[in-house]
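Below: one structure, written as structure tokens.
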There are 2 protein chains.
Amino acid sequence: MVDLINKKKCGEAHTQEEISFLINGMLDGTIPDYQLSAWLMSVCFQGMTFDESAILTMEMAKSGDMLDLSCLGDCIIDKHSTGGVGDKTTLIVVPLLAAAGCPVAKFSGRGLGFTGGTIDKLEAIPGFRTALSTEEFLSQIKNIGAAIASQTANFTPADKKMYELRDVTATVNSIPLIASSVVSKKIAAGANVIVLDVKCGSGAFMKTADEARELAKTMVEIGKRAGKTMCAVITSMDQPLGNTIGNGIEVAECVQVLKNEGPQDLKELCLYLSAMGLVKAKKARNINEGKNYLEKFLQNGKAYEKFVEIVKYQGGDVEYIENPQRLSETQFAFEVVAEEAGYVQSLDALTAAKAAKMLGTGRDKKDDPIDYRAGVLLNKKIGDKVYKGDILAKIFANSIEQGNKSREILVQAFKLSKNPTEPTPLVVDVIE
Amino acid sequence: MVDLINKKKCGEAHTQEEISFLINGMLDGTIPDYQLSAWLMSVCFQGMTFDESAILTMEMAKSGDMLDLSCLGDCIIDKHSTGGVGDKTTLIVVPLLAAAGCPVAKFSGRGLGFTGGTIDKLEAIPGFRTALSTEEFLSQIKNIGAAIASQTANFTPADKKMYELRDVTATVNSIPLIASSVVSKKIAAGANVIVLDVKCGSGAFMKTADEARELAKTMVEIGKRAGKTMCAVITSMDQPLGNTIGNGIEVAECVQVLKNEGPQDLKELCLYLSAMGLVKAKKARNINEGKNYLEKFLQNGKAYEKFVEIVKYQGGDVEYIENPQRLSETQFAFEVVAEEAGYVQSLDALTAAKAAKMLGTGRDKKDDPIDYRAGVLLNKKIGDKVYKGDILAKIFANSIEQGNKSREILVQAFKLSKNPTEPTPLVVDVIE
């Protein structure tokens, strides 16, 4: 192992045998953590080739269960986001594609740090069960075309172990390690068409478009080497996506979009990502054809109905979907009021995320409890005209202290300007 | 600690408080090894400033006992070599300086890997005790002006712990870490004038003069910040120093030099290092004055007498010093014979070290036993004229198999050429 660490320290590439040795040694405990962490830090500095990353990814994927989805058809789409603020696209893309006849087998995670997690959002619907057995998961997709579940304990144990160590050794921030972690889980989850939404900007892990491109390129190349049809859409995360940040409040916003209402940016991105899935699955010739085809399922209510079907199937209380305001009912509400007129020049995603997290919507540690009802509603976004006294945002809180603190933070997210500003385009680049 | 690792990963400098936290956490076990090793690897890539290195050095020095030598006088010289092949200068420099009236308090180490250790060499003299208590050590210096002892268990425990972790995480090779380790031990050992012999070349840890200069500069700057008078002499280790490699056989060669015989390169370097000590201690105006003064003590036998006195005092059998051929008496002897005429163009130090180690003269692990009598005698060195059939080297072995293997290796150390070659000068540079 010392030789392997030294090899990576000197910038050389590992062989298949070396990476197998490393992953097996990590899993059976014969390689101690202090050697793994030194190796991980070398990877942070020296990187890995696409071939090395692909080998690492396959070793991690093979370390646990691997789902066989062939019983569901020959083309199963998966969509994955690298995580952003107000990023709720899964809740729309899954029923939308299912309504359009494409089965979707979606595993999602919980939120950590400043990003929310799809599983937490779904659990804001009383009764909603995310811990499905493999049999339940597959039979649901056979019956209604879609399921959204938390990953079971048997997926990619090597990735879990490695991530835990990275988290406490400042080695999270490495493109080949991030890419291997993401793609290994996707490979184990069994889809053959994978659409990645790689966020860049203040509210994302990748702060610049160049970093996001590098991560996207790495994930696409790894996936291709594993025989998957890959595509990565790089999207802007300078301001939050849509108008809500929280758990229940984000579900409510998704219900709006599924009814062909709701904020335009969120609807556009969901149509784009879903259409990209159709194109990659060879079910649409291009993005526009795919978007036009899919938009009908928002207009005719089929996507909404599919979402209701999913919620019912997984034990959720549909009354909360029919009366979505109940998803953000809190004891207290606060307002951020414009003190001058102008245009919203910037609405910093990270600051807005911190304001939401202050309300208890997120967690610092894996087992922290969260407040499913609290959240932030953004009435104004970049480019919007603002009059003095306008309500820029509303805060839903279950504690006056948290609400006040959240407001103090949220105020700082808004920068107004005398001159009109255009928001940057949501889709920055596509890597395929 | 994650923040500290991340800070170093990003190339920032640590504060005094941060380094104290790190060393204390390492010693009391509150910082786990996997975090320390990730930090160590960051240091390998990002380095440390002289100020940071000096803080780390002082924290390590303070982690255990610190010797107070003020009872011995106001100017105590210490000499330290970074380790080379056939490097036996300590055995000459210590009695030479003591004979000239400069007390020397010398702690030495054992050999590991391809480098020998002074303590092992001394233990080739039957009865020689290197494990002296602090009281014995100080009283011996008071009485006869010099003592050479192995470091006691209470010196720099932080360095010991850190070195153990570096050894198994491929983080040994870092100039600030090497420098801090060396200088912390020197500071704990209490001398106020420190002459460093920094070796460079194939038989040294630093392969190039530039690397050696950087290490030397770092050690000198650290020592100055701790209030020490520092000097580093960078010397060539392309070929072994002197004509012998082993344990007893090296002691025998030192006896020759102390009698003003023996190989010129070894004598010259010992005079140079000792003279540098005198200059730094303000007891000579320049190197030449120092060398001329010291050479008298080789000529008049006083240095040899001092060595005999040290051996007696530490329980060694003086008969072996009076009959030094007994120090390399082995069962078998082998010869490396020149197959063609020419000049020795190179005599690779690392290859020669491996040939000696094959005989059991060194160790791979801390507790491996060693053969005190086995060794290599080099009859020809770089620049020497060779006739076909000349004996290039002799091998003294206690096993025919080891002797044969050693010869196979040693043959490869010699490169002959038709044209005369000059050896590179021994002293490459001086950093002060």
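Going through the structure tokens in order, the chains are called A, B, and so on, while each chain numbers its residues from 1 and the ligands are numbered from 1 in the order shown.
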
Could you give me the residues within region 340-400 of chain A that DSSP places in strand (DSSP E), as JSON, numbers by chain?
-> {"A": [342, 343, 344, 345, 346, 347, 375, 376, 377, 378, 385, 386, 391, 392, 393, 394, 395, 396, 397]}

With C-alpha atoms retained, could you export that selection as a short mmCIF file (atom, residue, chain, number, x, y, z; two decimals), in the first residue's frame?
data_model
loop_
_atom_site.label_atom_id
_atom_site.label_comp_id
_atom_site.auth_asym_id
_atom_site.auth_seq_id
_atom_site.Cartn_x
_atom_site.Cartn_y
_atom_site.Cartn_z
CA GLY A 342 -34.58 48.78 -8.66
CA TYR A 343 -33.95 45.46 -10.32
CA VAL A 344 -32.74 42.25 -8.67
CA GLN A 345 -29.16 42.07 -9.87
CA SER A 346 -28.18 38.94 -7.95
CA LEU A 347 -29.83 36.51 -5.57
CA GLY A 375 -38.97 27.18 4.12
CA VAL A 376 -38.38 30.23 2.00
CA LEU A 377 -40.53 31.60 -0.82
CA LEU A 378 -38.75 33.94 -3.22
CA LYS A 385 -38.37 44.85 -11.22
CA VAL A 386 -38.82 45.85 -7.59
CA ILE A 391 -42.09 41.76 -0.57
CA LEU A 392 -38.88 40.17 -1.91
CA ALA A 393 -39.35 36.91 -0.03
CA LYS A 394 -41.42 35.19 2.63
CA ILE A 395 -40.06 33.00 5.39
CA PHE A 396 -42.14 30.20 6.98
CA ALA A 397 -40.78 29.27 10.39
#

message: List as a VMD selection string the protein and nucleic acid residues near region 411-424 of chain A, meaning an atom at most 10 Å away when only C-alpha atoms are counted, but skip any in the same chain fewer than 2 places from it.
response: chain A and resid 235 to 239 335 to 355 380 to 386 392 to 393 406 to 409 426 to 428

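As for CA of Leu122 (chain A) and CA of Leu138 (chain A), they are spaced 18.8 Å apart.
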
Would you give me, as a ChimeraX atom specification, the residues in region 148-214 of chain B that DSSP reads as alpha helix (DSSP H)? /B:157-167,175-189,209-214

Each chain A residue no farther than 10 Å from chain B, nearest pair in Å, only C-alpha atoms, as CSV:
residue,atom,partner,partner_atom,distance
A:Met1,CA,B:Thr169,CA,8.1
A:Val2,CA,B:Ala170,CA,5.5
A:Asp3,CA,B:Ala170,CA,7.4
A:Leu4,CA,B:Ala170,CA,8.7
A:Ile5,CA,B:Ala170,CA,6.0
A:Asn6,CA,B:Ala170,CA,5.3
A:Lys7,CA,B:Ala170,CA,9.1
A:Lys8,CA,B:Ala170,CA,9.9
A:Lys9,CA,B:Ala170,CA,8.0
A:Pro32,CA,B:Tyr34,CA,8.3
A:Asp33,CA,B:Tyr34,CA,5.4
A:Tyr34,CA,B:Tyr34,CA,3.7
A:Gln35,CA,B:Thr169,CA,5.3
A:Leu36,CA,B:Tyr34,CA,7.7
A:Ser37,CA,B:Ala38,CA,5.3
A:Ala38,CA,B:Ala38,CA,4.7
A:Trp39,CA,B:Thr169,CA,7.8
A:Leu40,CA,B:Ala38,CA,7.6
A:Met41,CA,B:Ala38,CA,5.7
A:Ser42,CA,B:Met41,CA,6.7
A:Cys44,CA,B:Lys9,CA,8.8
A:Phe45,CA,B:Phe45,CA,7.4
A:Gln46,CA,B:Phe45,CA,9.6
A:Leu165,CA,B:Tyr34,CA,8.0
A:Arg166,CA,B:Ala38,CA,9.5
A:Asp167,CA,B:Val2,CA,8.3
A:Val168,CA,B:Val2,CA,5.9
A:Thr169,CA,B:Gln35,CA,5.3
A:Ala170,CA,B:Asn6,CA,5.3
A:Thr171,CA,B:Ala38,CA,8.1
A:Asn173,CA,B:Asn6,CA,9.7

Could you turn the residues from that selection into a file that holds N, CA, C and O atoms, as a tab-separated table (two decimals), in the first residue's frame?
chain	number	residue	atom	x	y	z
A	1	MET	N	0.83	-1.21	0.00
A	1	MET	CA	0.00	0.00	0.00
A	1	MET	C	0.87	1.26	0.00
A	1	MET	O	0.53	2.23	-0.65
A	2	VAL	N	2.00	1.21	0.74
A	2	VAL	CA	2.88	2.39	0.74
A	2	VAL	C	3.35	2.67	-0.70
A	2	VAL	O	3.40	3.83	-1.13
A	3	ASP	N	3.63	1.60	-1.45
A	3	ASP	CA	4.05	1.79	-2.85
A	3	ASP	C	2.92	2.41	-3.67
A	3	ASP	O	3.17	3.27	-4.52
A	4	LEU	N	1.69	1.98	-3.42
A	4	LEU	CA	0.55	2.55	-4.16
A	4	LEU	C	0.38	4.02	-3.84
A	4	LEU	O	0.13	4.83	-4.73
A	5	ILE	N	0.50	4.37	-2.56
A	5	ILE	CA	0.37	5.78	-2.17
A	5	ILE	C	1.46	6.58	-2.87
A	5	ILE	O	1.22	7.64	-3.46
A	6	ASN	N	2.67	6.04	-2.82
A	6	ASN	CA	3.80	6.75	-3.41
A	6	ASN	C	3.63	6.91	-4.92
A	6	ASN	O	3.96	7.94	-5.49
A	7	LYS	N	3.08	5.89	-5.55
A	7	LYS	CA	2.85	5.94	-7.00
A	7	LYS	C	1.89	7.08	-7.34
A	7	LYS	O	2.15	7.88	-8.25
A	8	LYS	N	0.81	7.17	-6.58
A	8	LYS	CA	-0.16	8.25	-6.84
A	8	LYS	C	0.44	9.60	-6.48
A	8	LYS	O	0.24	10.58	-7.18
A	9	LYS	N	1.22	9.62	-5.39
A	9	LYS	CA	1.88	10.86	-4.98
A	9	LYS	C	2.77	11.39	-6.10
A	9	LYS	O	2.89	12.60	-6.31
A	32	PRO	N	-5.32	0.06	6.50
A	32	PRO	CA	-5.83	0.96	7.55
A	32	PRO	C	-6.24	2.32	6.98
A	32	PRO	O	-5.77	2.75	5.93
A	33	ASP	N	-7.15	2.98	7.70
A	33	ASP	CA	-7.68	4.27	7.27
A	33	ASP	C	-6.58	5.30	7.03
A	33	ASP	O	-6.68	6.14	6.14
A	34	TYR	N	-5.50	5.25	7.86
A	34	TYR	CA	-4.48	6.29	7.71
A	34	TYR	C	-3.74	6.15	6.38
A	34	TYR	O	-3.23	7.15	5.85
A	35	GLN	N	-3.69	4.94	5.83
A	35	GLN	CA	-3.09	4.80	4.50
A	35	GLN	C	-4.06	5.23	3.42
A	35	GLN	O	-3.69	5.90	2.46
A	36	LEU	N	-5.33	4.87	3.60
A	36	LEU	CA	-6.34	5.28	2.62
A	36	LEU	C	-6.42	6.80	2.53
A	36	LEU	O	-6.53	7.36	1.45
A	37	SER	N	-6.38	7.47	3.69
A	37	SER	CA	-6.55	8.92	3.66
A	37	SER	C	-5.34	9.60	3.02
A	37	SER	O	-5.48	10.60	2.33
A	38	ALA	N	-4.14	9.03	3.23
A	38	ALA	CA	-2.96	9.58	2.55
A	38	ALA	C	-3.10	9.39	1.03
A	38	ALA	O	-2.78	10.28	0.24
A	39	TRP	N	-3.62	8.24	0.64
A	39	TRP	CA	-3.85	7.98	-0.79
A	39	TRP	C	-4.90	8.94	-1.35
A	39	TRP	O	-4.72	9.53	-2.41
A	40	LEU	N	-6.00	9.12	-0.59
A	40	LEU	CA	-7.05	10.03	-1.05
A	40	LEU	C	-6.50	11.44	-1.25
A	40	LEU	O	-6.83	12.11	-2.23
A	41	MET	N	-5.65	11.88	-0.32
A	41	MET	CA	-5.09	13.23	-0.45
A	41	MET	C	-4.18	13.30	-1.69
A	41	MET	O	-4.17	14.32	-2.39
A	42	SER	N	-3.45	12.25	-1.98
A	42	SER	CA	-2.63	12.23	-3.20
A	42	SER	C	-3.51	12.36	-4.44
A	42	SER	O	-3.16	13.05	-5.39
A	44	CYS	N	-6.35	13.87	-4.57
A	44	CYS	CA	-6.81	15.27	-4.64
A	44	CYS	C	-5.78	16.12	-5.38
A	44	CYS	O	-6.13	17.03	-6.12
A	45	PHE	N	-4.50	15.84	-5.17
A	45	PHE	CA	-3.46	16.66	-5.81
A	45	PHE	C	-3.12	16.18	-7.22
A	45	PHE	O	-2.87	16.97	-8.10
A	46	GLN	N	-3.09	14.86	-7.43
A	46	GLN	CA	-2.60	14.34	-8.70
A	46	GLN	C	-3.70	13.92	-9.65
A	46	GLN	O	-3.43	13.67	-10.83
A	165	LEU	N	-14.70	8.53	5.04
A	165	LEU	CA	-13.32	8.90	5.32
A	165	LEU	C	-12.97	10.23	4.66
A	165	LEU	O	-12.29	11.09	5.25
A	166	ARG	N	-13.45	10.42	3.42
A	166	ARG	CA	-13.18	11.69	2.72
A	166	ARG	C	-13.75	12.87	3.51
A	166	ARG	O	-13.13	13.93	3.60
A	167	ASP	N	-14.95	12.64	4.08
A	167	ASP	CA	-15.64	13.71	4.78
A	167	ASP	C	-14.83	14.25	5.95
A	167	ASP	O	-14.89	15.43	6.26
A	168	VAL	N	-14.05	13.40	6.62
A	168	VAL	CA	-13.31	13.83	7.81
A	168	VAL	C	-11.83	14.08	7.53
A	168	VAL	O	-11.04	14.32	8.45
A	169	THR	N	-11.43	14.01	6.25
A	169	THR	CA	-10.02	14.22	5.94
A	169	THR	C	-9.83	15.29	4.85
A	169	THR	O	-8.77	15.35	4.24
A	170	ALA	N	-10.86	16.13	4.64
A	170	ALA	CA	-10.78	17.23	3.67
A	170	ALA	C	-10.41	16.73	2.27
A	170	ALA	O	-9.68	17.38	1.54
A	171	THR	N	-10.91	15.53	1.92
A	171	THR	CA	-10.61	15.00	0.58
A	171	THR	C	-11.89	14.79	-0.24
A	171	THR	O	-11.91	14.01	-1.18
A	173	ASN	N	-13.31	17.19	-1.98
A	173	ASN	CA	-13.22	18.05	-3.15
A	173	ASN	C	-12.17	17.56	-4.17
A	173	ASN	O	-11.10	18.12	-4.29

A straight line from CA of Glu295 (chain B) to CA of Ala212 (chain B) spans 28.1 Å

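CA of Phe50 (chain B) sits 6.4 Å away from CA of Glu221 (chain B).
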
All residues 8 Å or closer to Gly47 (chain A), only C-alpha atoms, same chain fewer than 4 positions away omitted, as a JSON list (two decimals) with all heavy atoms, in the first residue's frame:
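Resulting contents of selection.json:
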[["chain", "number", "residue", "atom", "x", "y", "z"],
["A", 11, "GLY", "N", 2.18, 10.98, -9.18],
["A", 11, "GLY", "CA", 1.37, 11.31, -10.36],
["A", 11, "GLY", "C", 1.23, 10.19, -11.37],
["A", 11, "GLY", "O", 0.80, 10.42, -12.50],
["A", 42, "SER", "N", -3.45, 12.25, -1.98],
["A", 42, "SER", "CA", -2.63, 12.23, -3.20],
["A", 42, "SER", "C", -3.51, 12.36, -4.44],
["A", 42, "SER", "O", -3.16, 13.05, -5.39],
["A", 42, "SER", "CB", -1.85, 10.93, -3.34],
["A", 42, "SER", "OG", -1.15, 10.64, -2.19],
["A", 43, "VAL", "N", -4.65, 11.68, -4.41],
["A", 43, "VAL", "CA", -5.58, 11.76, -5.55],
["A", 43, "VAL", "C", -6.09, 13.20, -5.70],
["A", 43, "VAL", "O", -6.21, 13.71, -6.81],
["A", 43, "VAL", "CB", -6.76, 10.78, -5.38],
["A", 43, "VAL", "CG1", -7.81, 11.00, -6.47],
["A", 43, "VAL", "CG2", -6.27, 9.34, -5.42],
["A", 174, "SER", "N", -12.51, 16.52, -4.90],
["A", 174, "SER", "CA", -11.63, 15.98, -5.93],
["A", 174, "SER", "C", -12.51, 15.46, -7.05],
["A", 174, "SER", "O", -13.38, 14.62, -6.83],
["A", 174, "SER", "CB", -10.80, 14.84, -5.35],
["A", 174, "SER", "OG", -10.43, 13.93, -6.37],
["A", 175, "ILE", "N", -12.31, 15.96, -8.25],
["A", 175, "ILE", "CA", -13.22, 15.61, -9.35],
["A", 175, "ILE", "C", -13.28, 14.11, -9.63],
["A", 175, "ILE", "O", -14.37, 13.54, -9.69],
["A", 175, "ILE", "CB", -12.90, 16.48, -10.59],
["A", 175, "ILE", "CG1", -13.52, 17.86, -10.33],
["A", 175, "ILE", "CG2", -13.43, 15.85, -11.88],
["A", 175, "ILE", "CD1", -13.37, 18.86, -11.40],
["A", 176, "PRO", "N", -12.16, 13.39, -9.74],
["A", 176, "PRO", "CA", -12.31, 11.96, -10.00],
["A", 176, "PRO", "C", -13.00, 11.21, -8.86],
["A", 176, "PRO", "O", -13.73, 10.24, -9.11],
["A", 176, "PRO", "CB", -10.86, 11.46, -10.19],
["A", 176, "PRO", "CG", -9.98, 12.57, -9.78],
["A", 176, "PRO", "CD", -10.76, 13.83, -9.85]]

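Of the residues listed (A:Ala191, A:Ala158, A:Ala232, A:Ala356), A:Ala356 shows the shortest atom-to-atom separation from Gly113 (chain A); distances use only C-alpha atoms.
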